[in-house]
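Have a look at the structure below before the remarks.
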Amino acid sequence: MNPTQRRLDNALTIDDLRKAARRTTPLSVFDYVDGAAESEVTADRNVQAFRDLTFHPDALHPVADPELEVEVFGRRWALPLGFGATGYTRMMHHHGEAAVARVAQAVGIPYGLSTVGNTTVEDVRAAAPEVDLWFQLYPTSQEINAELIRRAQNAGCSTIVLTCDTAVSGKRFRDDRNGLTIPPTLRPATIVDMARHPSWWVNKLTTEQVSFASLKFLESKYKFNEIADRVFDSNLSLDSLDWIREQWKGQLLVKGILSAEGAAEAVEHGADGVVLSNHGGRQLDRTPAPITLVPQVRKALGDQVPILVDSGIRNGQDIAAARALGADAALVGRAYLYGIMAGGQDGVARAYEILSTEYRRAMQLLGVRRSIDLAARHVSLPDT
């Protein structure tokens with residue numbers, strides 16, 4: 001009789017969760033997650049690139065008990081999937097980042113907390129003491145980064161993910177039209193739409209205020225909108241990466257790489273690995289789909305440097321394709337955000353269940369019993 005559980009049980013795919021999220025969340029909030037930059041060409045291209053792949057299954061191979069696990073950075077993951085960092089998660093649902101971390105801990109995959117998350121790294125660690133916790137960092141001022149790195153280290157984060165594709169914020173017209181800006185400038189139509197979702201409103205009004213939780217130490221110096229402006233740095237350079245490498249002794253990933261040359265340069269300057277990403281199409285429009293770049297980046301970096309890929313992943317088959325093309329693992333953002341909007345922490349768990357079930361089935365139908373055996377022969381990109 002529980003409507004939330006019924007909604008989640010009826011969701012058989014990530015797209016089903018997306019549709020449920022649209023029904024349960026104000027349009028301005030849903031569009032913040034679902035939308036992308038400019039004409040949204042890149043966001044569409046990301047998804048289409050996975051649809052354009054061709055699988056080549058092996059025949060007559062036993063797959064009764066597939067081994068989904070992989071090892072990345074010396075840690076065992078339940079499958080080649082991590083929950084990537086997303087901003088403002090408590091705006092989507094009051095369960096927020098802590099809920100995503102709890103699910104990641106329960107299933108055995110990493111979770112990345114965003115600099116512009118609505119929960120502090122300390123509170124996320126308290127909520128999920130055993131999760132493999134990452135911290136996503138924007139290359140802003142050394143003053144801000146030094147404090148965030150210190151706190152990430154004290155909270156036991158294993159990995160810093162330096163995001164390098166945010167010299168300025170991408171232009172997202174859906175947010176402008178909905179009035180969902182920083183700070184908010186909500187229009188009457190937006191308020192009316194939010195009023196159609198009373199449960200969302202009640203949860204927002206009866207839980208802690210949404211804020212830049214990790215950046216509260218700046219509130220004595222800057223106004224809210226000024227803090228948001230200071231997150232991005234148009235003077236980003238390799239010197240920024242060099243400095244962060246000196247400060248951080250754990251694993252360091254550079255996210256936002258879209259070329260073999262850029263990947264090699266990041267590694268030369270101290271990155272332990274890269275995340276091929278176009279920010280889910282939310283920054284520069286008309287960039288290549290990251291999945292199409294995996295083979296050439298793997299060739300440039302060799303077999304020992306971890307390569308992760310995100311943007312456009314909506315199905316467990318996408319994870320299998322990423323692994324076969326040469327990525328160590330995939331990261332998702334929108335997929336679990338649709339889940340949290342549809343049903344809070346249980347919705348995140350449902351998103352993982354859908355992806356893991358699809359991934360397992362894809363391996364079995366490909367004739368592959370172990371994740372480590374997925375190889376280039378199992379998938380091809382168009383014209384290859």
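Ordered as shown in the structure tokens, chains take letters A, B, and onward, while each chain numbers its residues from 1 and ligands are numbered from 1 in the order shown.
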>> So that I can see what lies close to Tyr32 of chain A, please list as a VMD selection string the residues with an atom at most 9 Å from it, counting only C-alpha atoms and leaving out residues fewer than 4 positions away in the same chain.
In response: chain A and resid 27 to 28 36 172 174 to 175 180
Since we have the selection now, will you write its residues out, keeping N, CA and C atoms, as a short mmCIF file (atom, residue, chain, number, x, y, z; two decimals), in the first residue's frame?
data_model
loop_
_atom_site.label_atom_id
_atom_site.label_comp_id
_atom_site.auth_asym_id
_atom_site.auth_seq_id
_atom_site.Cartn_x
_atom_site.Cartn_y
_atom_site.Cartn_z
N LEU A 27 8.94 21.07 -11.50
CA LEU A 27 9.58 21.12 -12.81
C LEU A 27 10.94 21.78 -12.76
N SER A 28 11.08 22.86 -12.00
CA SER A 28 12.35 23.58 -11.96
C SER A 28 13.46 22.70 -11.41
N ALA A 36 20.49 20.42 -19.77
CA ALA A 36 21.91 20.51 -20.13
C ALA A 36 22.16 21.87 -20.77
N ARG A 172 22.54 27.14 -19.17
CA ARG A 172 21.45 26.17 -19.15
C ARG A 172 20.12 26.91 -19.19
N ARG A 174 17.04 25.93 -19.53
CA ARG A 174 15.91 25.45 -18.72
C ARG A 174 15.92 26.13 -17.35
N ASP A 175 17.09 26.23 -16.73
CA ASP A 175 17.18 26.85 -15.42
C ASP A 175 16.81 28.33 -15.48
N LEU A 180 15.49 29.12 -11.82
CA LEU A 180 16.31 28.39 -10.86
C LEU A 180 17.77 28.82 -11.05
#
>> So that I can check the surroundings of Glu38 of chain A, please list as a VMD selection string every protein, DNA and RNA residue that reaches within 8 Å of it, counting only C-alpha atoms and ignoring chain neighbours fewer than 3 positions away.
In response: chain A and resid 41 170 to 173 285
> Can you tell me, as a ChimeraX atom specification, what residues are no more than 9 Å from Met92 of chain A when counting only C-alpha atoms, ignoring any on the same chain fewer than 4 positions away?
Replying inline: /A:25,29-30,33,88,96,200,337-338,340-341,344
Based on the selection just made, write C-alpha atoms of those residues as a short mmCIF file (atom, residue, chain, number, x, y, z; two decimals), in the first residue's frame.
data_model
loop_
_atom_site.label_atom_id
_atom_site.label_comp_id
_atom_site.auth_asym_id
_atom_site.auth_seq_id
_atom_site.Cartn_x
_atom_site.Cartn_y
_atom_site.Cartn_z
CA THR A 25 9.32 16.74 -8.28
CA VAL A 29 14.13 20.98 -9.82
CA PHE A 30 13.57 18.15 -12.31
CA VAL A 33 18.83 17.49 -13.20
CA TYR A 88 22.57 20.34 -4.69
CA GLY A 96 20.33 14.11 0.00
CA TRP A 200 8.37 18.09 -1.60
CA LEU A 337 19.28 11.37 -9.10
CA TYR A 338 16.18 10.19 -10.96
CA ILE A 340 16.31 9.85 -5.37
CA MET A 341 13.67 12.19 -6.80
CA GLY A 344 14.59 9.07 -1.72
#
>> I want to know what sits within 8 Å of segment 101-106 of chain A, based on only C-alpha atoms, with residues of the same chain fewer than 2 positions away left out; could you give that as an NGL selection string?
In response: :A and (82-83 or 97-99 or 108-111 or 124 or 127-128 or 130-133 or 345 or 348-349)
Just N, CA, C and O atoms for this one: save the residues we selected as a PDB file, in the first residue's frame.
ATOM      1  N   GLY A  82      30.511   3.537 -10.220  1.00  0.00           N
ATOM      2  CA  GLY A  82      30.566   4.377  -9.040  1.00  0.00           C
ATOM      3  C   GLY A  82      29.497   5.449  -9.126  1.00  0.00           C
ATOM      4  O   GLY A  82      29.023   5.799 -10.218  1.00  0.00           O
ATOM      5  N   PHE A  83      29.098   5.974  -7.971  1.00  0.00           N
ATOM      6  CA  PHE A  83      28.171   7.095  -7.923  1.00  0.00           C
ATOM      7  C   PHE A  83      28.990   8.382  -7.987  1.00  0.00           C
ATOM      8  O   PHE A  83      29.718   8.718  -7.049  1.00  0.00           O
ATOM      9  N   GLU A  97      22.701  13.778  -0.020  1.00  0.00           N
ATOM     10  CA  GLU A  97      23.959  13.066  -0.263  1.00  0.00           C
ATOM     11  C   GLU A  97      24.176  11.908   0.692  1.00  0.00           C
ATOM     12  O   GLU A  97      24.745  10.876   0.306  1.00  0.00           O
ATOM     13  N   ALA A  98      23.740  12.047   1.931  1.00  0.00           N
ATOM     14  CA  ALA A  98      23.938  10.969   2.906  1.00  0.00           C
ATOM     15  C   ALA A  98      23.259   9.689   2.454  1.00  0.00           C
ATOM     16  O   ALA A  98      23.788   8.577   2.635  1.00  0.00           O
ATOM     17  N   ALA A  99      22.088   9.814   1.823  1.00  0.00           N
ATOM     18  CA  ALA A  99      21.362   8.638   1.348  1.00  0.00           C
ATOM     19  C   ALA A  99      22.130   7.934   0.235  1.00  0.00           C
ATOM     20  O   ALA A  99      22.208   6.699   0.197  1.00  0.00           O
ATOM     21  N   GLY A 108      28.743  -1.675  -2.030  1.00  0.00           N
ATOM     22  CA  GLY A 108      30.172  -1.851  -2.231  1.00  0.00           C
ATOM     23  C   GLY A 108      30.742  -1.151  -3.442  1.00  0.00           C
ATOM     24  O   GLY A 108      31.554  -1.712  -4.173  1.00  0.00           O
ATOM     25  N   ILE A 109      30.319   0.120  -3.648  1.00  0.00           N
ATOM     26  CA  ILE A 109      30.898   0.942  -4.705  1.00  0.00           C
ATOM     27  C   ILE A 109      31.258   2.309  -4.118  1.00  0.00           C
ATOM     28  O   ILE A 109      30.759   2.668  -3.051  1.00  0.00           O
ATOM     29  N   PRO A 110      32.101   3.101  -4.797  1.00  0.00           N
ATOM     30  CA  PRO A 110      32.467   4.414  -4.252  1.00  0.00           C
ATOM     31  C   PRO A 110      31.390   5.458  -4.486  1.00  0.00           C
ATOM     32  O   PRO A 110      30.540   5.326  -5.372  1.00  0.00           O
ATOM     33  N   TYR A 111      31.466   6.501  -3.666  1.00  0.00           N
ATOM     34  CA  TYR A 111      30.577   7.654  -3.808  1.00  0.00           C
ATOM     35  C   TYR A 111      31.400   8.929  -3.760  1.00  0.00           C
ATOM     36  O   TYR A 111      32.250   9.099  -2.880  1.00  0.00           O
ATOM     37  N   VAL A 124      28.584  13.263   5.752  1.00  0.00           N
ATOM     38  CA  VAL A 124      28.494  12.099   4.872  1.00  0.00           C
ATOM     39  C   VAL A 124      29.280  10.934   5.456  1.00  0.00           C
ATOM     40  O   VAL A 124      28.816   9.788   5.464  1.00  0.00           O
ATOM     41  N   ALA A 127      27.351   9.389   8.194  1.00  0.00           N
ATOM     42  CA  ALA A 127      26.206   8.620   7.700  1.00  0.00           C
ATOM     43  C   ALA A 127      26.628   7.284   7.103  1.00  0.00           C
ATOM     44  O   ALA A 127      25.867   6.313   7.158  1.00  0.00           O
ATOM     45  N   ALA A 128      27.821   7.234   6.503  1.00  0.00           N
ATOM     46  CA  ALA A 128      28.305   6.011   5.854  1.00  0.00           C
ATOM     47  C   ALA A 128      29.779   5.810   6.222  1.00  0.00           C
ATOM     48  O   ALA A 128      30.675   6.105   5.429  1.00  0.00           O
ATOM     49  N   GLU A 130      31.830   3.409   6.351  1.00  0.00           N
ATOM     50  CA  GLU A 130      32.690   2.476   5.630  1.00  0.00           C
ATOM     51  C   GLU A 130      32.711   2.700   4.115  1.00  0.00           C
ATOM     52  O   GLU A 130      33.390   1.962   3.401  1.00  0.00           O
ATOM     53  N   VAL A 131      31.980   3.692   3.631  1.00  0.00           N
ATOM     54  CA  VAL A 131      31.936   3.889   2.184  1.00  0.00           C
ATOM     55  C   VAL A 131      33.292   4.368   1.669  1.00  0.00           C
ATOM     56  O   VAL A 131      34.028   5.068   2.373  1.00  0.00           O
ATOM     57  N   ASP A 132      33.635   3.955   0.446  1.00  0.00           N
ATOM     58  CA  ASP A 132      34.814   4.496  -0.228  1.00  0.00           C
ATOM     59  C   ASP A 132      34.430   5.886  -0.706  1.00  0.00           C
ATOM     60  O   ASP A 132      33.812   6.060  -1.757  1.00  0.00           O
ATOM     61  N   LEU A 133      34.792   6.887   0.090  1.00  0.00           N
ATOM     62  CA  LEU A 133      34.331   8.257  -0.127  1.00  0.00           C
ATOM     63  C   LEU A 133      35.346   9.045  -0.938  1.00  0.00           C
ATOM     64  O   LEU A 133      36.535   9.094  -0.599  1.00  0.00           O
ATOM     65  N   GLN A 345      16.136   7.593  -0.566  1.00  0.00           N
ATOM     66  CA  GLN A 345      17.204   6.597  -0.492  1.00  0.00           C
ATOM     67  C   GLN A 345      16.783   5.290  -1.155  1.00  0.00           C
ATOM     68  O   GLN A 345      17.601   4.646  -1.839  1.00  0.00           O
ATOM     69  N   VAL A 348      17.399   5.539  -4.819  1.00  0.00           N
ATOM     70  CA  VAL A 348      18.808   5.354  -5.192  1.00  0.00           C
ATOM     71  C   VAL A 348      19.133   3.865  -5.241  1.00  0.00           C
ATOM     72  O   VAL A 348      19.791   3.382  -6.177  1.00  0.00           O
ATOM     73  N   ALA A 349      18.673   3.143  -4.229  1.00  0.00           N
ATOM     74  CA  ALA A 349      18.909   1.697  -4.207  1.00  0.00           C
ATOM     75  C   ALA A 349      18.260   1.023  -5.403  1.00  0.00           C
ATOM     76  O   ALA A 349      18.821   0.086  -5.989  1.00  0.00           O
TER      77      ALA A 349
END
> Running DSSP on the backbone, which parts of segment 147-367 of chain A land in strand (DSSP E or B), as a ChimeraX atom specification?
Replying inline: /A:159-163,251-257,273-276,307-309,329-332
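Of note, atom CA of Val116 of chain A and atom CA of Asp233 of chain A are spaced 14.4 Å apart.
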> Tell me, which residues of segment 226-352 of chain A carry DSSP helix (DSSP H, G or I), written as a PyMOL selection string?
Replying inline: chain A and resi 226-231+238-247+260-268+279-281+290-301+316-325+334-352
